[in-house]
file target17.cif (mmCIF, C-alpha atoms)
data_structure
#
loop_
_atom_site.label_atom_id
_atom_site.label_comp_id
_atom_site.auth_asym_id
_atom_site.auth_seq_id
_atom_site.Cartn_x
_atom_site.Cartn_y
_atom_site.Cartn_z
CA MET A 1 42.41 143.80 83.17
CA LYS A 2 43.76 141.40 80.59
CA LYS A 3 45.99 142.22 77.65
CA ILE A 4 46.70 140.29 74.48
CA PHE A 5 49.74 141.08 72.37
CA VAL A 6 50.15 139.62 68.90
CA ILE A 7 53.23 140.30 66.78
CA ILE A 8 52.63 140.50 63.04
CA LEU A 9 55.23 141.12 60.35
CA GLY A 10 54.08 142.76 57.16
CA VAL A 11 55.45 144.27 53.97
CA ALA A 12 54.31 147.57 52.51
CA PHE A 13 55.80 150.04 50.07
CA ALA A 14 54.90 153.57 49.04
CA GLY A 15 55.21 155.05 45.61
CA SER A 16 58.73 156.51 45.69
CA ALA A 17 62.11 155.38 46.98
CA MET A 18 62.16 158.10 49.62
CA ALA A 19 58.63 157.21 50.71
CA GLN A 20 59.41 153.51 51.06
CA LEU A 21 58.27 152.01 54.33
CA PRO A 22 60.39 149.53 56.27
CA VAL A 23 60.21 145.94 55.07
CA SER A 24 58.65 144.83 58.35
CA ARG A 25 56.92 146.52 61.26
CA SER A 26 55.42 144.95 64.35
CA ALA A 27 51.71 145.16 65.08
CA ALA A 28 49.94 144.23 68.27
CA VAL A 29 46.55 143.86 69.92
CA VAL A 30 45.42 145.03 73.35
CA THR A 31 42.02 144.71 75.03
CA SER A 32 40.16 147.10 77.33
CA THR A 33 37.10 146.31 79.44
CA ILE A 34 34.35 148.95 79.59
CA LYS A 35 31.84 148.40 82.39
CA GLY A 36 28.22 148.14 81.23
CA ASN A 37 24.83 149.54 82.24
CA GLY A 38 25.57 153.26 82.24
CA LYS A 39 29.15 152.99 83.53
CA ASN A 40 32.29 154.52 82.04
CA GLY A 41 35.57 153.36 80.58
CA PHE A 42 38.54 154.96 78.85
CA VAL A 43 40.10 153.77 75.60
CA GLY A 44 43.75 154.53 74.93
CA LEU A 45 45.55 154.60 71.59
CA PRO A 46 48.99 153.07 72.20
CA TYR A 47 49.26 151.96 68.56
CA THR A 48 49.00 153.86 65.30
CA LYS A 49 47.31 152.97 62.06
CA GLU A 50 49.56 151.72 59.26
CA PRO A 51 51.75 154.64 58.08
CA VAL A 52 51.21 155.61 54.46
CA ALA A 53 54.84 156.59 53.89
CA ARG A 54 58.23 157.21 55.46
CA GLU A 55 59.36 160.63 54.28
CA VAL A 56 62.43 162.90 54.37
CA VAL A 57 62.15 166.58 55.30
CA VAL A 58 63.53 168.91 52.64
CA SER A 59 62.84 172.13 54.58
CA GLY A 60 60.42 173.96 56.84
CA SER A 61 59.10 174.01 60.41
CA ASN A 62 55.40 174.91 60.12
CA VAL A 63 54.95 174.19 56.40
CA LEU A 64 57.16 171.23 55.58
CA THR A 65 58.46 170.43 52.13
CA LEU A 66 58.81 166.66 51.75
CA SER A 67 60.59 164.52 49.18
CA GLY A 68 57.33 162.97 47.93
CA SER A 69 54.10 164.47 46.57
CA TYR A 70 50.56 163.81 47.84
CA SER A 71 47.08 164.82 46.76
CA ALA A 72 45.05 166.90 49.19
CA SER A 73 42.41 164.19 49.66
CA SER A 74 44.99 161.48 50.40
CA LEU A 75 45.99 163.15 53.70
CA SER A 76 42.66 164.68 54.72
CA THR A 77 40.18 161.78 54.76
CA PRO A 78 40.84 160.52 57.34
CA PRO A 79 43.01 163.30 58.80
CA HIS A 80 46.73 162.52 58.96
CA ALA A 81 49.65 163.50 61.18
CA VAL A 82 53.43 163.54 60.98
CA MET A 83 55.52 161.56 63.47
CA ILE A 84 59.18 162.59 63.60
CA LEU A 85 61.46 159.53 63.63
CA THR A 86 65.02 160.90 63.71
CA GLY A 87 67.02 163.86 64.95
CA SER A 88 66.56 166.02 68.03
CA ASN A 89 62.78 166.19 67.50
CA ARG A 90 62.16 162.44 67.34
CA GLY A 91 58.89 161.58 69.05
CA GLN A 92 57.21 164.86 68.12
CA VAL A 93 53.76 164.51 66.53
CA ARG A 94 51.76 167.17 64.69
CA ARG A 95 48.40 167.13 62.93
CA ILE A 96 48.40 168.01 59.23
CA THR A 97 45.91 170.83 58.64
CA ALA A 98 46.43 171.17 54.86
CA ASN A 99 48.65 169.82 52.10
CA SER A 100 49.40 170.43 48.46
CA GLY A 101 51.91 168.44 46.44
CA SER A 102 55.11 168.16 48.46
CA ASN A 103 54.04 170.70 51.08
CA VAL A 104 52.22 169.83 54.30
CA THR A 105 51.01 172.43 56.81
CA LEU A 106 51.22 171.47 60.48
CA GLU A 107 48.95 172.63 63.31
CA SER A 108 52.03 174.16 64.96
CA ALA A 109 55.68 174.48 64.04
CA ILE A 110 58.45 172.01 64.95
CA SER A 111 61.60 174.06 65.38
CA GLY A 112 65.02 172.62 64.65
CA LEU A 113 64.11 170.19 61.88
CA THR A 114 66.92 169.49 59.42
CA SER A 115 66.95 168.31 55.81
CA SER A 116 68.06 164.85 56.97
CA ASP A 117 65.19 164.28 59.40
CA GLU A 118 62.75 161.48 58.61
CA LEU A 119 59.09 161.12 59.51
CA TYR A 120 56.04 158.93 59.10
CA LEU A 121 52.81 160.12 57.51
CA VAL A 122 50.20 158.39 59.67
CA PRO A 123 46.39 158.28 59.40
CA GLU A 124 44.85 159.48 62.65
CA TRP A 125 42.33 157.53 64.68
CA THR A 126 38.76 158.72 64.20
CA VAL A 127 35.51 157.59 65.77
CA GLY A 128 34.70 155.82 62.50
CA ASN A 129 37.94 153.94 61.81
CA LEU A 130 38.33 152.91 65.47
CA PHE A 131 34.79 151.77 66.28
CA GLY A 132 33.29 151.09 62.85
CA THR A 133 30.75 152.72 60.55
CA VAL A 134 28.21 149.95 59.87
CA ALA A 135 25.92 148.54 62.55
CA LEU A 136 24.41 145.05 62.37
CA SER A 137 21.21 144.84 64.43
CA GLY A 138 22.24 148.08 66.13
CA THR A 139 25.75 146.91 67.14
CA LEU A 140 29.01 147.98 65.50
CA PRO A 141 31.86 145.46 64.92
CA SER A 142 33.69 146.93 67.92
CA GLY A 143 30.74 146.08 70.17
CA ILE A 144 29.58 149.69 70.48
CA LYS A 145 25.78 149.88 70.73
CA GLY A 146 24.02 152.20 68.33
CA SER A 147 20.45 153.42 68.54
CA ASN A 148 18.04 155.94 67.07
CA SER A 149 18.36 157.93 70.32
CA GLU A 150 21.31 158.92 72.46
CA LEU A 151 19.28 157.81 75.49
CA THR A 152 19.64 154.14 74.51
CA ALA A 153 23.04 154.22 72.74
CA ASP A 154 26.64 154.05 73.91
CA ILE A 155 28.07 157.58 74.09
CA VAL A 156 31.66 158.27 73.03
CA PHE A 157 33.21 161.39 74.56
CA ILE A 158 36.00 163.09 72.65
CA ALA A 159 37.81 166.41 73.12
CA ASN A 160 37.67 168.77 70.14
CA ALA A 161 40.34 171.22 69.00
CA SER A 162 38.90 173.94 71.27
CA GLY A 163 39.23 171.78 74.36
CA ASN A 164 35.52 171.07 74.76
CA LEU A 165 34.05 167.63 75.43
CA VAL A 166 31.87 166.39 72.56
CA GLN A 167 29.38 163.52 72.83
CA LEU A 168 28.95 161.22 69.82
CA PHE A 169 26.82 158.15 69.18
CA PHE A 170 26.06 155.91 66.22
CA ASN A 171 22.61 156.99 65.01
CA THR A 172 20.99 153.87 63.54
CA SER A 173 18.21 155.91 61.95
CA LEU A 174 20.68 158.05 60.00
CA GLY A 175 23.23 155.25 59.54
CA PHE A 176 26.27 157.22 60.72
CA TRP A 177 27.98 158.82 63.73
CA THR A 178 26.48 162.11 64.95
CA THR A 179 26.85 164.46 67.87
CA VAL A 180 24.12 164.29 70.49
CA GLY A 181 21.40 166.53 69.11
CA GLY A 182 23.05 166.74 65.67
CA ALA A 183 22.42 165.17 62.27
CA THR A 184 25.78 165.56 60.48
CA ASP A 185 28.08 162.62 59.71
CA GLN A 186 30.95 162.68 62.23
CA GLN A 187 32.80 159.48 61.32
CA ASN A 188 36.02 161.45 60.70
CA ALA A 189 35.95 163.20 64.08
CA ARG A 190 39.49 162.97 65.48
CA LEU A 191 40.17 161.27 68.80
CA GLY A 192 42.63 163.90 69.92
CA GLY A 193 45.59 162.98 67.72
CA LEU A 194 47.96 160.01 67.77
CA ASN A 195 48.39 160.27 71.55
CA GLY A 196 44.72 160.94 72.28
CA GLY A 197 41.88 158.70 73.37
CA CYS A 198 38.23 158.80 74.37
CA MET A 199 35.74 157.81 77.05
CA ILE A 200 32.80 155.47 76.52
CA LYS A 201 29.62 155.63 78.59
CA ARG A 202 27.73 152.39 78.08
CA ALA A 203 23.99 152.47 77.40
CA PRO A 204 21.54 151.48 80.16
CA GLY A 205 20.98 147.75 80.36
CA THR A 206 24.18 146.79 78.52
CA SER A 207 26.76 144.25 79.70
CA ASP A 208 30.50 144.85 80.03
CA LEU A 209 32.26 145.47 76.72
CA THR A 210 35.67 144.01 75.91
CA PHE A 211 37.07 146.35 73.29
CA LEU A 212 39.97 145.14 71.13
CA HIS A 213 42.40 147.73 69.79
CA GLN A 214 45.09 146.83 67.28
CA GLY A 215 47.64 148.69 65.20
CA VAL A 216 51.32 149.29 64.54
CA THR A 217 53.55 149.49 67.63
CA ARG A 218 55.65 152.58 68.28
CA THR A 219 59.37 152.68 68.96
CA GLY A 220 61.70 155.27 70.39
CA ARG A 221 60.85 158.45 72.26
CA GLN A 222 57.21 159.51 72.35
CA ILE A 223 56.11 163.09 73.01
CA ALA A 224 52.43 163.89 73.59
CA ALA A 225 51.72 167.59 73.12
CA LEU A 226 49.24 169.33 75.43
CA ALA A 227 47.79 172.62 74.25
CA ALA A 228 47.64 175.63 76.58
CA GLY A 229 44.86 175.36 79.14
CA SER A 230 42.54 177.96 80.59
CA ALA A 231 41.33 179.08 84.00
CA THR A 232 38.10 177.12 83.56
CA GLY A 233 39.95 174.11 82.15
CA ARG A 234 40.68 172.77 78.67
CA PHE A 235 39.88 169.08 78.14
CA MET A 236 42.11 166.66 76.27
CA PHE A 237 42.66 162.90 76.30
CA LEU A 238 46.13 161.50 76.81
CA THR A 239 47.38 157.95 76.22
CA ASN A 240 50.48 156.32 77.62
CA PRO A 241 52.07 155.71 74.17
CA ASN A 242 54.34 152.86 75.28
CA THR A 243 53.23 149.26 75.69
CA VAL A 244 54.40 149.28 79.32
CA SER A 245 52.22 150.34 82.24
CA THR A 246 53.38 153.16 84.51
CA THR A 247 52.14 155.01 87.59
CA LEU A 248 51.39 158.65 88.19
CA LEU A 249 54.60 158.94 90.20
CA ASN A 250 56.82 157.23 87.63
CA SER A 251 55.26 158.54 84.43
CA ALA A 252 56.94 162.00 84.38
CA ILE A 253 53.49 163.39 83.60
CA LEU A 254 53.80 165.79 86.54
CA THR A 255 57.31 167.03 85.76
CA ASN A 256 56.73 167.94 82.11
CA ALA A 257 53.03 167.82 81.20
CA ILE A 258 50.64 168.96 83.91
CA THR A 259 50.79 171.36 86.85
CA GLY A 260 49.97 170.76 90.49
CA GLY A 261 48.42 173.21 92.92
CA SER A 262 45.23 173.39 94.96
CA THR A 263 41.80 171.97 94.16
CA THR A 264 40.94 175.22 92.38
CA THR A 265 44.18 175.75 90.42
CA ALA A 266 45.74 172.36 89.66
CA ASP A 267 45.29 170.41 86.45
CA VAL A 268 42.84 167.54 87.03
CA LEU A 269 43.11 163.96 85.71
CA TYR A 270 40.02 161.77 85.25
CA TYR A 271 40.04 157.99 85.01
CA ALA A 272 37.55 155.15 85.55
CA ASN A 273 37.98 152.79 88.47
CA ALA A 274 37.30 149.05 88.40
CA SER A 275 33.59 149.69 88.95
CA GLY A 276 33.32 152.09 86.02
CA ASN A 277 32.97 155.21 88.14
CA LEU A 278 34.80 158.43 87.28
CA ILE A 279 37.61 159.42 89.63
CA GLN A 280 39.25 162.86 89.67
CA VAL A 281 42.81 163.33 90.95
CA TYR A 282 45.22 166.27 91.17
CA TYR A 283 48.68 166.88 92.59
CA ASP A 284 48.49 168.80 95.85
CA THR A 285 51.67 170.88 95.95
CA THR A 286 51.20 171.75 99.62
CA ALA A 287 51.04 168.09 100.70
CA SER A 288 53.34 166.87 97.87
CA GLN A 289 50.84 164.09 97.11
CA TRP A 290 48.42 162.96 94.43
CA ARG A 291 44.92 163.23 95.87
CA THR A 292 41.37 162.63 94.76
CA VAL A 293 39.35 165.83 94.43
CA GLY A 294 37.77 166.24 97.86
CA GLY A 295 40.00 163.55 99.39
CA VAL A 296 43.08 163.64 101.60
CA SER A 297 44.85 160.31 101.00
CA ASP A 298 47.86 159.82 98.71
CA VAL A 299 46.82 157.91 95.55
CA GLY A 300 49.88 158.48 93.38
CA SER A 301 51.43 155.02 93.49
CA SER A 302 48.34 152.85 94.04
CA ALA A 303 47.22 150.21 91.54
CA THR A 304 44.04 152.13 90.79
CA THR A 305 46.04 154.99 89.29
CA THR A 306 48.29 152.88 87.10
CA ILE A 307 48.44 154.35 83.58
CA ARG A 308 48.06 151.34 81.30
CA PRO A 309 48.61 151.38 77.52
CA ASN A 310 45.05 150.12 76.95
CA THR A 311 43.49 153.12 78.64
CA SER A 312 43.72 156.90 78.57
CA LEU A 313 43.42 159.81 80.97
CA LEU A 314 41.14 162.78 80.55
CA VAL A 315 43.06 165.93 81.41
CA ARG A 316 41.37 169.14 82.49
CA LYS A 317 44.26 171.51 81.94
CA ARG A 318 44.19 174.81 83.80
CA ASN A 319 47.86 175.60 83.26
CA THR A 320 47.87 178.31 80.57
CA SER A 321 51.15 177.20 78.96
CA ALA A 322 51.49 174.59 76.22
CA THR A 323 53.35 171.56 77.56
CA ALA A 324 54.32 168.05 76.46
CA TRP A 325 54.50 164.62 78.08
CA THR A 326 57.81 163.04 77.11
CA VAL A 327 57.70 159.28 77.71
CA ASN A 328 61.01 157.54 78.22
CA GLU A 329 61.94 155.42 75.22
CA ASN A 330 62.33 151.67 75.47
CA PHE A 331 64.63 151.51 72.45
CA VAL A 332 65.57 153.68 69.49
CA PRO A 333 64.63 152.59 65.91
#

call {"tool": "encode", "arguments": {"input": "target17.cif", "output": "structure tokens"}}
result
Amino acid sequence: MKKIFVIILGVAFAGSAMAQLPVSRSAAVVTSTIKGNGKNGFVGLPYTKEPVAREVVVSGSNVLTLSGSYSASSLSTPPHAVMILTGSNRGQVRRITANSGSNVTLESAISGLTSSDELYLVPEWTVGNLFGTVALSGTLPSGIKGSNSELTADIVFIANASGNLVQLFFNTSLGFWTTVGGATDQQNARLGGLNGGCMIKRAPGTSDLTFLHQGVTRTGRQIAALAAGSATGRFMFLTNPNTVSTTLLNSAILTNAITGGSTTTADVLYYANASGNLIQVYYDTTASQWRTVGGVSDVGSSATTTIRPNTSLLVRKRNTSATAWTVNENFVP
């Protein structure tokens, strides 16, 4: 699987001194190959969209008071998130559920924030701003195939806030993204947050798709939050947020994010192999090995289970506690 990295230096400023962005930030490009003709592939989100501001926390943990002021619409369409840059919570990310003036409400509290902590306000990836919203001859700029029927379109699987898998496709008759069987515009459907991702199932008869993803690179510690699971399993997508590949054994995903066990109790990870087929793996605590569901061989350190920054994992979380995947930082900003 090939990767292309391009470094770009840019200049951007927000409206106030406190909200001023750095003079330069690095951006990069990575490619992912999705197998065609009804096969599957996972898209990761190792980069963010351009932050709208760098802010300073005045106070708060669940409802933050910031130094700047923002209209409600400026942080809701598309949805935005906060990314903590400094202090003991650096690397934490939270979705913004509401905002008014200088106050932003987070989906869950971040304890221990201080008045000197800084953060980015970052637009989240949505199905529309990642894959496009206008199709030319049935094909979006990203290469995604639209159609008037889900039977002949590429299907994008996302995990919603309740932990259910949702199927979306670009409906060429309606001219926008919809759920399968629905008729409502879904272009602002979130892809699971800044550390999320999605799965693409290519339409029958299609060729392989090389998808190009670009954005602003991350620095420092990255923490991907995983909501509490359930006995039947809560689905969520998870991206390796660094630009360096890792393996299941070296990723620390087992030690601080998911739970091992038996085939009926362990959290399950899904990924696509080189042929575009879905593979399910779990950590067998009795054998102390990563295994495929129904298999007996150790797959934890093999090349097929490498977690690359241009892909994502689908997690079926059965552990009923909220956890987080803390990825070792390459360097601190």

call {"tool": "resolve_selection", "arguments": {"input": "target17.cif", "expression": "the PyMOL selection byres ((chain A and resi 78) around 7)", "output": "ChimeraX atom specification"}}
result
/A:75-77,79-80,123-124,188

call {"tool": "resolve_selection", "arguments": {"input": "target17.cif", "expression": "the PyMOL selection byres ((chain A and resi 138) around 10)", "output": "CSV table (one decimal) with C-alpha atoms, in the frame of the given file"}}
result
chain,number,residue,atom,x,y,z
A,134,VAL,CA,28.2,150.0,59.9
A,135,ALA,CA,25.9,148.5,62.6
A,136,LEU,CA,24.4,145.0,62.4
A,137,SER,CA,21.2,144.8,64.4
A,139,THR,CA,25.8,146.9,67.1
A,140,LEU,CA,29.0,148.0,65.5
A,143,GLY,CA,30.7,146.1,70.2
A,144,ILE,CA,29.6,149.7,70.5
A,145,LYS,CA,25.8,149.9,70.7
A,146,GLY,CA,24.0,152.2,68.3
A,147,SER,CA,20.4,153.4,68.5
A,148,ASN,CA,18.0,155.9,67.1
A,153,ALA,CA,23.0,154.2,72.7
A,170,PHE,CA,26.1,155.9,66.2
A,171,ASN,CA,22.6,157.0,65.0
A,172,THR,CA,21.0,153.9,63.5
A,173,SER,CA,18.2,155.9,62.0
A,175,GLY,CA,23.2,155.2,59.5

call {"tool": "resolve_selection", "arguments": {"input": "target17.cif", "expression": "the PyMOL selection byres ((chain A and resi 266) around 10)", "output": "PyMOL selection string"}}
result
chain A and resi 231+233+258-265+267-269+281-285+316-319

call {"tool": "write_last_selection", "arguments": {"input": "target17.cif", "atoms": "C-alpha atoms", "output": "PDB file, in the frame of the given file"}}
result
ATOM      1  CA  ALA A 231      41.330 179.080  84.000  1.00  0.00           C
ATOM      2  CA  GLY A 233      39.950 174.110  82.150  1.00  0.00           C
ATOM      3  CA  ILE A 258      50.640 168.960  83.910  1.00  0.00           C
ATOM      4  CA  THR A 259      50.790 171.360  86.850  1.00  0.00           C
ATOM      5  CA  GLY A 260      49.970 170.760  90.490  1.00  0.00           C
ATOM      6  CA  GLY A 261      48.420 173.210  92.920  1.00  0.00           C
ATOM      7  CA  SER A 262      45.230 173.390  94.960  1.00  0.00           C
ATOM      8  CA  THR A 263      41.800 171.970  94.160  1.00  0.00           C
ATOM      9  CA  THR A 264      40.940 175.220  92.380  1.00  0.00           C
ATOM     10  CA  THR A 265      44.180 175.750  90.420  1.00  0.00           C
ATOM     11  CA  ASP A 267      45.290 170.410  86.450  1.00  0.00           C
ATOM     12  CA  VAL A 268      42.840 167.540  87.030  1.00  0.00           C
ATOM     13  CA  LEU A 269      43.110 163.960  85.710  1.00  0.00           C
ATOM     14  CA  VAL A 281      42.810 163.330  90.950  1.00  0.00           C
ATOM     15  CA  TYR A 282      45.220 166.270  91.170  1.00  0.00           C
ATOM     16  CA  TYR A 283      48.680 166.880  92.590  1.00  0.00           C
ATOM     17  CA  ASP A 284      48.490 168.800  95.850  1.00  0.00           C
ATOM     18  CA  THR A 285      51.670 170.880  95.950  1.00  0.00           C
ATOM     19  CA  ARG A 316      41.370 169.140  82.490  1.00  0.00           C
ATOM     20  CA  LYS A 317      44.260 171.510  81.940  1.00  0.00           C
ATOM     21  CA  ARG A 318      44.190 174.810  83.800  1.00  0.00           C
ATOM     22  CA  ASN A 319      47.860 175.600  83.260  1.00  0.00           C
TER      23      ASN A 319
END

call {"tool": "closest_residue", "arguments": {"input": "target17.cif", "among": "A:Leu209, A:Ile307, A:Ala28, A:Ala98", "to": "Ser71 in chain A", "atoms": "all atoms listed in the file"}}
result
A:Ala98

call {"tool": "closest_residue", "arguments": {"input": "target17.cif", "among": "A:Val293, A:Ala324, A:Ile84, A:Ile200", "to": "Lys35 in chain A", "atoms": "only C-alpha atoms"}}
result
A:Ile200

call {"tool": "residues_around", "arguments": {"input": "target17.cif", "residues": "range 106-121 of chain A", "least_positions_apart": "5", "cutoff": "10 Å", "atoms": "only C-alpha atoms", "output": "number ranges by chain"}}
result
A: 18-19, 21, 50-67, 75, 80-99

call {"tool": "residues_around", "arguments": {"input": "target17.cif", "residues": "Thr206 in chain A", "least_positions_apart": "3", "cutoff": "8 Å", "atoms": "only C-alpha atoms", "output": "list in words"}}
result
Gly36, Asn37, Gly38, Arg202 and Ala203 of chain A
